[in-house]
Amino acid sequence: MGKKAHCSDNHLLRLEAKFFVRSDEWDEATATTAKIEETFDRLLSRLEKRRRSRVHKTEREEEGRAAAVSRLFFKIMKTRANGLAGILAKVRVYERWNADDEDSEGTFFKSLMKDIKAMEARP
């Protein structure tokens with residue numbers, strides 16, 4: 001077993017003391033790491049709540065603006081065009097609206113048909 005097997009107990013007692021010191025230092029480091037992680041998690045949670053709150057607020061704003069644009073689209077389509085300028089305005093609005101839904105398409109085409117028929121009926 002060599003020289004190490006013949007060491008005195010004093011040497012083992014010194015190594016034991018050194019072990020406990022290092023073990024205590026490790027425990028302190030672990031506690032510090034845990035405390036930092038806890039603080040980080042708490043701050044991250046608060047930031048996440050704020051982010052969700054901001055996103056929710058922004059989404060509500062977006063929904064409100066989308067509804068306003070939608071109302072304007074349908075209001076424009078209900079308004080009678082008296083000439084080519086009005087019809088072209090509706091075409092530009094429809095292109096900008098960029099809706100692929102059947103309701104919007106139907107509203108647009110019905111509106112144009114009514115405008116054209118009304119123009120045709122005028123003397």
# chains A, B, ... in the order shown; residues from 1 in each chain; ligands from 1
$ residues_around --residues "stretch 67-78 of chain A" --least-positions-apart "2" --cutoff "7 Å" --atoms "only C-alpha atoms" --output "JSON, numbers by chain"
{"A": [63, 64, 65, 80, 90, 107, 108, 111]}
$ select_by_dssp --residues "chain A" --states "alpha helix (DSSP H)" --output "count of residues only"
104
$ atom_distance --atom1 "atom CA of A:Arg51" --atom2 "atom CA of A:Ala34"
25.0 Å
$ closest_residue --among "A:Lys35, A:Asp24, A:Arg42, A:Ala81" --to "A:Met113" --atoms "only C-alpha atoms"
A:Ala81
$ atom_distance --atom1 "atom CA of A:Ala89" --atom2 "atom CA of A:Glu61"
26.9 Å
$ atom_distance --atom1 "atom CA of A:Leu88" --atom2 "atom CA of A:Ala66"
22.7 Å
$ closest_residue --among "A:Thr58, A:Asn82, A:Thr32, A:Ser104" --to "A:Arg122" --atoms "only C-alpha atoms"
A:Asn82
$ decode --residues "stretch 45-74 of chain A" --atoms "N, CA and C atoms" --output "PDB file, in the first residue's frame"
ATOM      1  N   SER A  45     -40.187  35.993 -13.121  1.00  0.00           N
ATOM      2  CA  SER A  45     -41.636  35.856 -13.010  1.00  0.00           C
ATOM      3  C   SER A  45     -42.313  37.223 -13.092  1.00  0.00           C
ATOM      4  N   ARG A  46     -41.749  38.209 -12.385  1.00  0.00           N
ATOM      5  CA  ARG A  46     -42.318  39.563 -12.437  1.00  0.00           C
ATOM      6  C   ARG A  46     -42.220  40.143 -13.839  1.00  0.00           C
ATOM      7  N   LEU A  47     -41.074  39.932 -14.486  1.00  0.00           N
ATOM      8  CA  LEU A  47     -40.912  40.421 -15.855  1.00  0.00           C
ATOM      9  C   LEU A  47     -41.891  39.739 -16.800  1.00  0.00           C
ATOM     10  N   GLU A  48     -42.074  38.439 -16.604  1.00  0.00           N
ATOM     11  CA  GLU A  48     -42.999  37.686 -17.454  1.00  0.00           C
ATOM     12  C   GLU A  48     -44.429  38.186 -17.260  1.00  0.00           C
ATOM     13  N   LYS A  49     -44.808  38.478 -16.015  1.00  0.00           N
ATOM     14  CA  LYS A  49     -46.148  39.022 -15.752  1.00  0.00           C
ATOM     15  C   LYS A  49     -46.315  40.371 -16.443  1.00  0.00           C
ATOM     16  N   ARG A  50     -45.280  41.203 -16.346  1.00  0.00           N
ATOM     17  CA  ARG A  50     -45.343  42.509 -17.016  1.00  0.00           C
ATOM     18  C   ARG A  50     -45.430  42.346 -18.522  1.00  0.00           C
ATOM     19  N   ARG A  51     -44.626  41.421 -19.058  1.00  0.00           N
ATOM     20  CA  ARG A  51     -44.650  41.189 -20.500  1.00  0.00           C
ATOM     21  C   ARG A  51     -46.022  40.705 -20.951  1.00  0.00           C
ATOM     22  N   ARG A  52     -46.575  39.754 -20.191  1.00  0.00           N
ATOM     23  CA  ARG A  52     -47.911  39.252 -20.539  1.00  0.00           C
ATOM     24  C   ARG A  52     -48.931  40.376 -20.462  1.00  0.00           C
ATOM     25  N   SER A  53     -48.801  41.225 -19.458  1.00  0.00           N
ATOM     26  CA  SER A  53     -49.717  42.347 -19.305  1.00  0.00           C
ATOM     27  C   SER A  53     -49.604  43.300 -20.490  1.00  0.00           C
ATOM     28  N   ARG A  54     -48.366  43.603 -20.873  1.00  0.00           N
ATOM     29  CA  ARG A  54     -48.158  44.487 -22.027  1.00  0.00           C
ATOM     30  C   ARG A  54     -48.669  43.864 -23.312  1.00  0.00           C
ATOM     31  N   VAL A  55     -48.393  42.580 -23.486  1.00  0.00           N
ATOM     32  CA  VAL A  55     -48.865  41.888 -24.689  1.00  0.00           C
ATOM     33  C   VAL A  55     -50.386  41.900 -24.712  1.00  0.00           C
ATOM     34  N   HIS A  56     -51.004  41.615 -23.564  1.00  0.00           N
ATOM     35  CA  HIS A  56     -52.467  41.607 -23.491  1.00  0.00           C
ATOM     36  C   HIS A  56     -53.021  42.988 -23.827  1.00  0.00           C
ATOM     37  N   LYS A  57     -52.417  44.021 -23.265  1.00  0.00           N
ATOM     38  CA  LYS A  57     -52.857  45.392 -23.541  1.00  0.00           C
ATOM     39  C   LYS A  57     -52.694  45.710 -25.023  1.00  0.00           C
ATOM     40  N   THR A  58     -51.562  45.339 -25.594  1.00  0.00           N
ATOM     41  CA  THR A  58     -51.305  45.597 -27.013  1.00  0.00           C
ATOM     42  C   THR A  58     -52.270  44.807 -27.891  1.00  0.00           C
ATOM     43  N   GLU A  59     -52.559  43.575 -27.504  1.00  0.00           N
ATOM     44  CA  GLU A  59     -53.523  42.774 -28.265  1.00  0.00           C
ATOM     45  C   GLU A  59     -54.909  43.413 -28.232  1.00  0.00           C
ATOM     46  N   ARG A  60     -55.324  43.930 -27.060  1.00  0.00           N
ATOM     47  CA  ARG A  60     -56.624  44.610 -26.958  1.00  0.00           C
ATOM     48  C   ARG A  60     -56.640  45.840 -27.861  1.00  0.00           C
ATOM     49  N   GLU A  61     -55.524  46.582 -27.852  1.00  0.00           N
ATOM     50  CA  GLU A  61     -55.416  47.752 -28.720  1.00  0.00           C
ATOM     51  C   GLU A  61     -55.527  47.342 -30.182  1.00  0.00           C
ATOM     52  N   GLU A  62     -54.820  46.283 -30.543  1.00  0.00           N
ATOM     53  CA  GLU A  62     -54.841  45.785 -31.915  1.00  0.00           C
ATOM     54  C   GLU A  62     -56.257  45.362 -32.314  1.00  0.00           C
ATOM     55  N   GLU A  63     -56.936  44.656 -31.422  1.00  0.00           N
ATOM     56  CA  GLU A  63     -58.300  44.217 -31.706  1.00  0.00           C
ATOM     57  C   GLU A  63     -59.224  45.408 -31.904  1.00  0.00           C
ATOM     58  N   GLY A  64     -59.059  46.432 -31.073  1.00  0.00           N
ATOM     59  CA  GLY A  64     -59.880  47.638 -31.210  1.00  0.00           C
ATOM     60  C   GLY A  64     -59.638  48.333 -32.534  1.00  0.00           C
ATOM     61  N   ARG A  65     -58.383  48.422 -32.917  1.00  0.00           N
ATOM     62  CA  ARG A  65     -58.056  49.071 -34.194  1.00  0.00           C
ATOM     63  C   ARG A  65     -58.532  48.237 -35.375  1.00  0.00           C
ATOM     64  N   ALA A  66     -58.417  46.923 -35.257  1.00  0.00           N
ATOM     65  CA  ALA A  66     -58.910  46.043 -36.319  1.00  0.00           C
ATOM     66  C   ALA A  66     -60.422  46.202 -36.474  1.00  0.00           C
ATOM     67  N   ALA A  67     -61.117  46.288 -35.367  1.00  0.00           N
ATOM     68  CA  ALA A  67     -62.573  46.474 -35.418  1.00  0.00           C
ATOM     69  C   ALA A  67     -62.924  47.813 -36.057  1.00  0.00           C
ATOM     70  N   ALA A  68     -62.144  48.856 -35.740  1.00  0.00           N
ATOM     71  CA  ALA A  68     -62.402  50.172 -36.333  1.00  0.00           C
ATOM     72  C   ALA A  68     -62.186  50.139 -37.838  1.00  0.00           C
ATOM     73  N   VAL A  69     -61.123  49.467 -38.272  1.00  0.00           N
ATOM     74  CA  VAL A  69     -60.845  49.361 -39.711  1.00  0.00           C
ATOM     75  C   VAL A  69     -61.943  48.548 -40.393  1.00  0.00           C
ATOM     76  N   SER A  70     -62.389  47.495 -39.739  1.00  0.00           N
ATOM     77  CA  SER A  70     -63.456  46.663 -40.294  1.00  0.00           C
ATOM     78  C   SER A  70     -64.743  47.472 -40.449  1.00  0.00           C
ATOM     79  N   ARG A  71     -65.085  48.237 -39.406  1.00  0.00           N
ATOM     80  CA  ARG A  71     -66.294  49.076 -39.503  1.00  0.00           C
ATOM     81  C   ARG A  71     -66.185  50.065 -40.664  1.00  0.00           C
ATOM     82  N   LEU A  72     -65.009  50.666 -40.814  1.00  0.00           N
ATOM     83  CA  LEU A  72     -64.821  51.615 -41.921  1.00  0.00           C
ATOM     84  C   LEU A  72     -64.935  50.931 -43.278  1.00  0.00           C
ATOM     85  N   PHE A  73     -64.363  49.733 -43.388  1.00  0.00           N
ATOM     86  CA  PHE A  73     -64.460  48.989 -44.643  1.00  0.00           C
ATOM     87  C   PHE A  73     -65.922  48.804 -45.036  1.00  0.00           C
ATOM     88  N   PHE A  74     -66.722  48.298 -44.091  1.00  0.00           N
ATOM     89  CA  PHE A  74     -68.121  48.035 -44.414  1.00  0.00           C
ATOM     90  C   PHE A  74     -68.914  49.327 -44.614  1.00  0.00           C
TER      91      PHE A  74
END
